[in-house]
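Q: data04.cif is the file, holding mmCIF, C-alpha atoms:
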data_protein
#
loop_
_atom_site.group_PDB
_atom_site.id
_atom_site.type_symbol
_atom_site.label_atom_id
_atom_site.label_comp_id
_atom_site.auth_asym_id
_atom_site.auth_seq_id
_atom_site.Cartn_x
_atom_site.Cartn_y
_atom_site.Cartn_z
ATOM 1 C CA MET Z 1 -13.300 -98.257 -43.062
ATOM 2 C CA ALA Z 2 -15.050 -94.914 -42.829
ATOM 3 C CA THR Z 3 -13.706 -91.629 -41.534
ATOM 4 C CA VAL Z 4 -15.663 -88.576 -40.467
ATOM 5 C CA GLU Z 5 -13.834 -85.332 -39.790
ATOM 6 C CA LEU Z 6 -15.345 -82.447 -37.899
ATOM 7 C CA ARG Z 7 -13.776 -79.015 -37.424
ATOM 8 C CA PHE Z 8 -15.345 -76.331 -35.299
ATOM 9 C CA SER Z 9 -14.402 -72.926 -33.970
ATOM 10 C CA ALA Z 10 -13.150 -72.981 -30.398
ATOM 11 C CA GLN Z 11 -16.477 -72.038 -28.841
ATOM 12 C CA PRO Z 12 -17.978 -74.015 -25.936
ATOM 13 C CA GLU Z 13 -21.396 -74.193 -27.613
ATOM 14 C CA HIS Z 14 -19.961 -76.394 -30.388
ATOM 15 C CA VAL Z 15 -18.847 -79.133 -27.968
ATOM 16 C CA ARG Z 16 -22.400 -80.475 -27.757
ATOM 17 C CA THR Z 17 -22.531 -80.887 -31.539
ATOM 18 C CA ALA Z 18 -19.257 -82.829 -31.476
ATOM 19 C CA ARG Z 19 -20.658 -85.120 -28.763
ATOM 20 C CA LEU Z 20 -23.826 -85.797 -30.762
ATOM 21 C CA VAL Z 21 -21.903 -86.532 -33.971
ATOM 22 C CA ALA Z 22 -19.480 -88.819 -32.114
ATOM 23 C CA ALA Z 23 -22.314 -90.814 -30.540
ATOM 24 C CA ALA Z 24 -24.126 -91.183 -33.878
ATOM 25 C CA VAL Z 25 -21.007 -92.357 -35.717
ATOM 26 C CA ALA Z 26 -20.045 -94.692 -32.832
ATOM 27 C CA ARG Z 27 -23.507 -96.279 -32.902
ATOM 28 C CA ARG Z 28 -23.277 -96.795 -36.666
ATOM 29 C CA ALA Z 29 -19.782 -98.277 -36.262
ATOM 30 C CA GLY Z 30 -21.074 -100.939 -33.872
ATOM 31 C CA VAL Z 31 -20.035 -99.620 -30.467
ATOM 32 C CA GLU Z 32 -22.270 -101.202 -27.813
ATOM 33 C CA GLU Z 33 -25.219 -99.100 -26.629
ATOM 34 C CA ALA Z 34 -24.020 -99.375 -23.026
ATOM 35 C CA VAL Z 35 -20.750 -97.654 -23.974
ATOM 36 C CA LEU Z 36 -22.240 -94.735 -25.932
ATOM 37 C CA ASP Z 37 -22.576 -92.560 -22.817
ATOM 38 C CA GLU Z 38 -18.865 -93.036 -22.154
ATOM 39 C CA VAL Z 39 -18.114 -92.036 -25.756
ATOM 40 C CA ARG Z 40 -20.240 -88.886 -25.386
ATOM 41 C CA LEU Z 41 -18.671 -87.915 -22.064
ATOM 42 C CA ALA Z 42 -15.093 -88.589 -23.200
ATOM 43 C CA VAL Z 43 -15.548 -86.616 -26.428
ATOM 44 C CA GLY Z 44 -17.150 -83.784 -24.469
ATOM 45 C CA GLU Z 45 -14.206 -83.654 -22.067
ATOM 46 C CA ALA Z 46 -11.606 -83.826 -24.857
ATOM 47 C CA CYS Z 47 -13.353 -81.150 -26.922
ATOM 48 C CA SER Z 48 -13.888 -78.883 -23.893
ATOM 49 C CA ARG Z 49 -10.200 -79.256 -23.086
ATOM 50 C CA ALA Z 50 -9.201 -78.343 -26.665
ATOM 51 C CA VAL Z 51 -11.590 -75.360 -26.705
ATOM 52 C CA GLY Z 52 -10.176 -74.146 -23.390
ATOM 53 C CA LEU Z 53 -6.600 -74.484 -24.603
ATOM 54 C CA HIS Z 54 -7.342 -72.592 -27.829
ATOM 55 C CA ARG Z 55 -9.141 -69.803 -25.994
ATOM 56 C CA SER Z 56 -6.486 -69.430 -23.293
ATOM 57 C CA HIS Z 57 -3.749 -69.219 -25.945
ATOM 58 C CA GLY Z 58 -5.701 -66.839 -28.204
ATOM 59 C CA LEU Z 59 -5.831 -69.266 -31.135
ATOM 60 C CA THR Z 60 -8.450 -68.884 -33.861
ATOM 61 C CA ALA Z 61 -7.703 -72.237 -35.518
ATOM 62 C CA PRO Z 62 -10.530 -74.784 -35.366
ATOM 63 C CA VAL Z 63 -10.606 -77.789 -33.054
ATOM 64 C CA ARG Z 64 -10.312 -81.052 -35.032
ATOM 65 C CA VAL Z 65 -12.273 -84.217 -34.341
ATOM 66 C CA VAL Z 66 -11.587 -87.292 -36.473
ATOM 67 C CA LEU Z 67 -13.825 -90.343 -36.079
ATOM 68 C CA ASN Z 68 -12.488 -93.581 -37.579
ATOM 69 C CA GLU Z 69 -14.493 -96.716 -38.082
ATOM 70 C CA GLU Z 70 -12.092 -99.607 -38.499
ATOM 71 C CA GLU Z 71 -12.653 -103.351 -38.754
ATOM 72 C CA LYS Z 72 -12.575 -104.104 -35.011
ATOM 73 C CA THR Z 73 -12.379 -100.688 -33.365
ATOM 74 C CA PHE Z 74 -13.863 -97.239 -33.392
ATOM 75 C CA SER Z 75 -11.476 -94.405 -32.592
ATOM 76 C CA ILE Z 76 -11.770 -90.688 -32.045
ATOM 77 C CA GLU Z 77 -8.958 -88.160 -32.205
ATOM 78 C CA VAL Z 78 -9.469 -84.687 -30.770
ATOM 79 C CA GLY Z 79 -6.724 -82.294 -31.796
ATOM 80 C CA ASP Z 80 -5.715 -78.819 -30.746
ATOM 81 C CA GLU Z 81 -3.130 -76.479 -32.212
ATOM 82 C CA VAL Z 82 -1.521 -75.403 -28.950
ATOM 83 C CA PRO Z 83 2.225 -76.048 -29.234
ATOM 84 C CA GLY Z 84 3.639 -78.488 -26.711
ATOM 85 C CA PRO Z 85 7.169 -78.515 -25.380
ATOM 86 C CA PRO Z 86 9.877 -77.824 -27.946
ATOM 87 C CA GLY Z 87 12.005 -80.695 -29.108
ATOM 88 C CA GLY Z 88 9.568 -82.928 -30.933
ATOM 89 C CA ASP Z 89 6.485 -85.007 -30.416
ATOM 90 C CA GLU Z 90 5.892 -86.939 -27.233
ATOM 91 C CA THR Z 91 3.335 -89.696 -26.793
ATOM 92 C CA VAL Z 92 2.281 -90.761 -23.344
ATOM 93 C CA PRO Z 93 -0.293 -93.308 -22.242
ATOM 94 C CA GLY Z 94 -3.430 -91.852 -20.691
ATOM 95 C CA MET Z 95 -2.569 -92.185 -17.004
ATOM 96 C CA ALA Z 96 0.993 -90.962 -17.518
ATOM 97 C CA ALA Z 97 -0.433 -87.787 -19.053
ATOM 98 C CA VAL Z 98 -2.667 -87.357 -16.019
ATOM 99 C CA LEU Z 99 0.299 -87.647 -13.686
ATOM 100 C CA ASP Z 100 2.348 -85.089 -15.649
ATOM 101 C CA PRO Z 101 3.667 -82.596 -13.078
ATOM 102 C CA ASP Z 102 3.894 -79.890 -15.770
ATOM 103 C CA ALA Z 103 0.161 -80.000 -16.573
ATOM 104 C CA ASP Z 104 -2.059 -77.327 -15.068
ATOM 105 C CA GLY Z 105 -4.901 -78.324 -12.741
ATOM 106 C CA GLU Z 106 -7.856 -77.956 -15.122
ATOM 107 C CA ASP Z 107 -6.024 -79.730 -17.946
ATOM 108 C CA GLU Z 108 -5.000 -82.516 -15.572
ATOM 109 C CA MET Z 109 -8.584 -82.953 -14.337
ATOM 110 C CA GLY Z 110 -9.952 -83.270 -17.885
ATOM 111 C CA LEU Z 111 -7.375 -85.918 -18.733
ATOM 112 C CA ALA Z 112 -8.184 -87.786 -15.518
ATOM 113 C CA VAL Z 113 -11.871 -87.906 -16.448
ATOM 114 C CA ILE Z 114 -11.059 -89.145 -19.953
ATOM 115 C CA SER Z 115 -8.709 -91.812 -18.587
ATOM 116 C CA GLY Z 116 -11.456 -92.977 -16.245
ATOM 117 C CA LEU Z 117 -13.948 -93.293 -19.102
ATOM 118 C CA VAL Z 118 -11.763 -94.831 -21.810
ATOM 119 C CA ASP Z 119 -9.561 -97.912 -21.445
ATOM 120 C CA ASP Z 120 -7.557 -97.191 -24.598
ATOM 121 C CA VAL Z 121 -6.433 -93.550 -24.543
ATOM 122 C CA GLU Z 122 -3.239 -91.924 -25.737
ATOM 123 C CA VAL Z 123 -2.171 -88.292 -25.454
ATOM 124 C CA THR Z 124 0.296 -86.842 -27.936
ATOM 125 C CA SER Z 125 1.825 -83.398 -27.633
ATOM 126 C CA GLY Z 126 4.304 -81.683 -29.907
ATOM 127 C CA GLU Z 127 5.267 -78.392 -31.443
ATOM 128 C CA SER Z 128 2.294 -78.487 -33.851
ATOM 129 C CA GLY Z 129 -0.295 -79.202 -31.155
ATOM 130 C CA GLY Z 130 -1.776 -82.040 -29.184
ATOM 131 C CA VAL Z 131 -4.044 -85.002 -29.881
ATOM 132 C CA ILE Z 132 -6.094 -87.177 -27.570
ATOM 133 C CA ARG Z 133 -6.766 -90.534 -29.242
ATOM 134 C CA MET Z 134 -9.443 -92.759 -27.737
ATOM 135 C CA SER Z 135 -10.720 -96.094 -29.041
ATOM 136 C CA TRP Z 136 -13.408 -98.633 -28.258
ATOM 137 C CA PRO Z 137 -14.079 -102.136 -29.608
ATOM 138 C CA THR Z 138 -16.946 -102.545 -32.042
ATOM 139 C CA ALA Z 139 -19.526 -105.343 -31.866
ATOM 140 C CA GLY Z 140 -17.647 -107.360 -34.523
ATOM 141 C CA GLY Z 141 -14.285 -106.908 -32.809
ATOM 142 C CA ALA Z 142 -15.312 -107.580 -29.216
ATOM 143 C CA ASP Z 143 -16.037 -111.265 -29.835
ATOM 144 C CA LEU Z 144 -12.651 -112.034 -31.342
ATOM 145 C CA PRO Z 145 -9.712 -113.298 -29.240
#
Please go through the file and, once you have read it, give me the structure as structure tokens.
A:
Amino acid sequence: MATVELRFSAQPEHVRTARLVAAAVARRAGVEEAVLDEVRLAVGEACSRAVGLHRSHGLTAPVRVVLNEEEKTFSIEVGDEVPGPPGGDETVPGMAAVLDPDADGEDEMGLAVISGLVDDVEVTSGESGGVIRMSWPTAGGADLP
């Protein structure tokens, strides 16, 4: 089980680097070639969303991207440091986050794109920031029941 962690300043030009790293690590982890474009697009959307949130809230903290290679899955977590609603952490499945009436339009659109690209997506938001967790089966895990 390997983990790669990437942190970058909240600048749009760094999103491309995150996409390239994610695709390279996903390929090495055994994600099917046909799915790599979805990985790139989903990571690009999640990172662009995090960059936009940081910039609109005046945060200088870096955007975090954690890539985990596990036995049967490959997962990516994109985290921001924008505080969510007070009162603790909240985890919502991908489509529920898209349908959140409190989300602004651009944020909602980015989550809709991610939910359309990734079957297994989870959005977490709390006082310390938010995380979008996405995962895909690897070649070794896709054949198992």
Q: Excluding same-chain residues fewer than 5 positions from Val66 of chain Z, what lies within 9 Å of it counting only C-alpha atoms, as a PDB file with C-alpha atoms, keeping the file's coordinate frame?
A:
ATOM      1  CA  THR Z   3     -13.706 -91.629 -41.534  1.00  0.00           C
ATOM      2  CA  VAL Z   4     -15.663 -88.576 -40.467  1.00  0.00           C
ATOM      3  CA  GLU Z   5     -13.834 -85.332 -39.790  1.00  0.00           C
ATOM      4  CA  LEU Z   6     -15.345 -82.447 -37.899  1.00  0.00           C
ATOM      5  CA  ARG Z   7     -13.776 -79.015 -37.424  1.00  0.00           C
ATOM      6  CA  SER Z  75     -11.476 -94.405 -32.592  1.00  0.00           C
ATOM      7  CA  ILE Z  76     -11.770 -90.688 -32.045  1.00  0.00           C
ATOM      8  CA  GLU Z  77      -8.958 -88.160 -32.205  1.00  0.00           C
ATOM      9  CA  VAL Z  78      -9.469 -84.687 -30.770  1.00  0.00           C
ATOM     10  CA  GLY Z  79      -6.724 -82.294 -31.796  1.00  0.00           C
TER      11      GLY Z  79
END
Q: Please report the interatomic distance between atom CA of Lys72 of chain Z and atom CA of Ala23 of chain Z in Å with one decimal.
A: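 Atom CA of Ala23 of chain Z lies at a distance of 17.1 Å from atom CA of Lys72 of chain Z.
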Q: Atom CA of Ile132 of chain Z and atom CA of Ala26 of chain Z, how far apart in Å?
A: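 Value for the atom CA of Ala26 of chain Z-atom CA of Ile132 of chain Z distance: 16.7 Å.
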Q: Nearest to Met134 of chain Z: which of Z:Arg64, Z:Gly116, Z:Glu69, Z:Ala42 is it, counting all atoms listed in the file?
A: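 That would be Z:Ala42, the residue with the smallest distance to Met134 of chain Z.
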Q: For the PyMOL selection byres ((chain Z and resi 41) around 10), applied here, can you spell out every residue it catches as JSON, numbers by chain?
A: {"Z": [19, 23, 36, 37, 38, 39, 40, 42, 43, 44, 45, 46, 47, 113, 114, 117, 118]}
Q: May I ask which of the residues Z:Ser48, Z:Asn68, Z:Thr60, Z:Ser128 is the closest one to Thr17 of chain Z, counting all atoms listed in the file?
A: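 Of the candidates, the smallest distance to Thr17 of chain Z is held by Z:Ser48.
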Q: Suppose you want the space between atom CA of Val82 of chain Z and atom CA of Val25 of chain Z; what is it in Å?
A: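 Answer for the atom CA of Val82 of chain Z to atom CA of Val25 of chain Z separation: 26.7 Å.
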Q: Could you give me, as a ChimeraX atom specification, the residues within 9 Å of Ala139 of chain Z, counting all atoms listed in the file and dropping anything in the same chain fewer than 4 positions from it?
A: /Z:29-32,72-73,143
Q: For the PyMOL selection byres ((chain Z and resi 80) around 6), applied here, can you spell out every residue it catches as a PyMOL selection string?
A: chain Z and resi 50+63+79+81-82+129-130
Q: Counting only C-alpha atoms, which of Z:Arg49, Z:Arg28, Z:Arg16, Z:His54 gets nearest to Leu111 of chain Z?
A: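 Checking each candidate against Leu111 of chain Z, we get Z:Arg49 as the closest.
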Q: Can you sort out segment 128-139 of chain Z so it carries all heavy atoms, written as an mmCIF file, in the coordinates of the input?
A:
data_model
loop_
_atom_site.group_PDB
_atom_site.id
_atom_site.type_symbol
_atom_site.label_atom_id
_atom_site.label_comp_id
_atom_site.auth_asym_id
_atom_site.auth_seq_id
_atom_site.Cartn_x
_atom_site.Cartn_y
_atom_site.Cartn_z
ATOM 1 N N SER Z 128 3.423 -78.868 -32.994
ATOM 2 C CA SER Z 128 2.294 -78.487 -33.851
ATOM 3 C C SER Z 128 0.945 -78.647 -33.149
ATOM 4 O O SER Z 128 -0.094 -78.414 -33.763
ATOM 5 C CB SER Z 128 2.319 -79.307 -35.142
ATOM 6 O OG SER Z 128 2.205 -80.679 -34.839
ATOM 7 N N GLY Z 129 0.957 -79.064 -31.893
ATOM 8 C CA GLY Z 129 -0.295 -79.202 -31.155
ATOM 9 C C GLY Z 129 -0.409 -80.544 -30.471
ATOM 10 O O GLY Z 129 0.531 -81.338 -30.469
ATOM 11 N N GLY Z 130 -1.564 -80.796 -29.911
ATOM 12 C CA GLY Z 130 -1.776 -82.040 -29.184
ATOM 13 C C GLY Z 130 -2.953 -82.820 -29.740
ATOM 14 O O GLY Z 130 -3.826 -82.268 -30.399
ATOM 15 N N VAL Z 131 -2.959 -84.123 -29.459
ATOM 16 C CA VAL Z 131 -4.044 -85.002 -29.881
ATOM 17 C C VAL Z 131 -4.361 -85.963 -28.744
ATOM 18 O O VAL Z 131 -3.452 -86.529 -28.134
ATOM 19 C CB VAL Z 131 -3.662 -85.815 -31.146
ATOM 20 C CG1 VAL Z 131 -4.744 -86.833 -31.490
ATOM 21 C CG2 VAL Z 131 -3.393 -84.909 -32.326
ATOM 22 N N ILE Z 132 -5.638 -86.127 -28.471
ATOM 23 C CA ILE Z 132 -6.094 -87.177 -27.570
ATOM 24 C C ILE Z 132 -6.749 -88.221 -28.455
ATOM 25 O O ILE Z 132 -7.707 -87.916 -29.167
ATOM 26 C CB ILE Z 132 -7.098 -86.655 -26.532
ATOM 27 C CG1 ILE Z 132 -6.434 -85.619 -25.631
ATOM 28 C CG2 ILE Z 132 -7.660 -87.811 -25.706
ATOM 29 C CD1 ILE Z 132 -7.374 -84.973 -24.641
ATOM 30 N N ARG Z 133 -6.206 -89.437 -28.441
ATOM 31 C CA ARG Z 133 -6.766 -90.534 -29.242
ATOM 32 C C ARG Z 133 -7.401 -91.539 -28.297
ATOM 33 O O ARG Z 133 -6.775 -92.021 -27.372
ATOM 34 C CB ARG Z 133 -5.688 -91.226 -30.069
ATOM 35 C CG ARG Z 133 -6.253 -92.296 -30.975
ATOM 36 C CD ARG Z 133 -5.156 -92.995 -31.776
ATOM 37 N NE ARG Z 133 -5.720 -93.855 -32.779
ATOM 38 C CZ ARG Z 133 -6.268 -95.057 -32.537
ATOM 39 N NH1 ARG Z 133 -6.313 -95.529 -31.314
ATOM 40 N NH2 ARG Z 133 -6.764 -95.780 -33.511
ATOM 41 N N MET Z 134 -8.677 -91.826 -28.567
ATOM 42 C CA MET Z 134 -9.443 -92.759 -27.737
ATOM 43 C C MET Z 134 -10.025 -93.820 -28.662
ATOM 44 O O MET Z 134 -10.406 -93.512 -29.788
ATOM 45 C CB MET Z 134 -10.591 -92.021 -27.047
ATOM 46 C CG MET Z 134 -10.134 -90.811 -26.252
ATOM 47 S SD MET Z 134 -11.489 -89.710 -25.760
ATOM 48 C CE MET Z 134 -11.764 -88.798 -27.285
ATOM 49 N N SER Z 135 -10.101 -95.067 -28.197
ATOM 50 C CA SER Z 135 -10.720 -96.094 -29.041
ATOM 51 C C SER Z 135 -11.510 -97.082 -28.211
ATOM 52 O O SER Z 135 -11.228 -97.295 -27.022
ATOM 53 C CB SER Z 135 -9.671 -96.805 -29.894
ATOM 54 O OG SER Z 135 -8.771 -97.512 -29.098
ATOM 55 N N TRP Z 136 -12.500 -97.665 -28.866
ATOM 56 C CA TRP Z 136 -13.408 -98.633 -28.258
ATOM 57 C C TRP Z 136 -13.585 -99.794 -29.232
ATOM 58 O O TRP Z 136 -13.559 -99.598 -30.456
ATOM 59 C CB TRP Z 136 -14.786 -98.001 -28.022
ATOM 60 C CG TRP Z 136 -14.789 -96.890 -27.041
ATOM 61 C CD1 TRP Z 136 -15.051 -96.971 -25.709
ATOM 62 C CD2 TRP Z 136 -14.525 -95.500 -27.291
ATOM 63 N NE1 TRP Z 136 -14.970 -95.725 -25.128
ATOM 64 C CE2 TRP Z 136 -14.651 -94.809 -26.084
ATOM 65 C CE3 TRP Z 136 -14.190 -94.769 -28.441
ATOM 66 C CZ2 TRP Z 136 -14.463 -93.431 -25.969
ATOM 67 C CZ3 TRP Z 136 -13.995 -93.407 -28.341
ATOM 68 C CH2 TRP Z 136 -14.126 -92.749 -27.106
ATOM 69 N N PRO Z 137 -13.805 -100.999 -28.716
ATOM 70 C CA PRO Z 137 -14.079 -102.136 -29.608
ATOM 71 C C PRO Z 137 -15.482 -101.993 -30.203
ATOM 72 O O PRO Z 137 -16.372 -101.413 -29.593
ATOM 73 C CB PRO Z 137 -13.997 -103.363 -28.687
ATOM 74 C CG PRO Z 137 -14.249 -102.825 -27.318
ATOM 75 C CD PRO Z 137 -13.768 -101.396 -27.312
ATOM 76 N N THR Z 138 -15.630 -102.502 -31.427
ATOM 77 C CA THR Z 138 -16.946 -102.545 -32.042
ATOM 78 C C THR Z 138 -17.553 -103.932 -31.843
ATOM 79 O O THR Z 138 -16.847 -104.869 -31.448
ATOM 80 C CB THR Z 138 -16.875 -102.208 -33.541
ATOM 81 O OG1 THR Z 138 -15.991 -103.112 -34.181
ATOM 82 C CG2 THR Z 138 -16.399 -100.783 -33.752
ATOM 83 N N ALA Z 139 -18.826 -104.066 -32.107
ATOM 84 C CA ALA Z 139 -19.526 -105.343 -31.866
ATOM 85 C C ALA Z 139 -18.822 -106.498 -32.572
ATOM 86 O O ALA Z 139 -18.673 -107.560 -32.005
ATOM 87 C CB ALA Z 139 -20.970 -105.221 -32.326
#
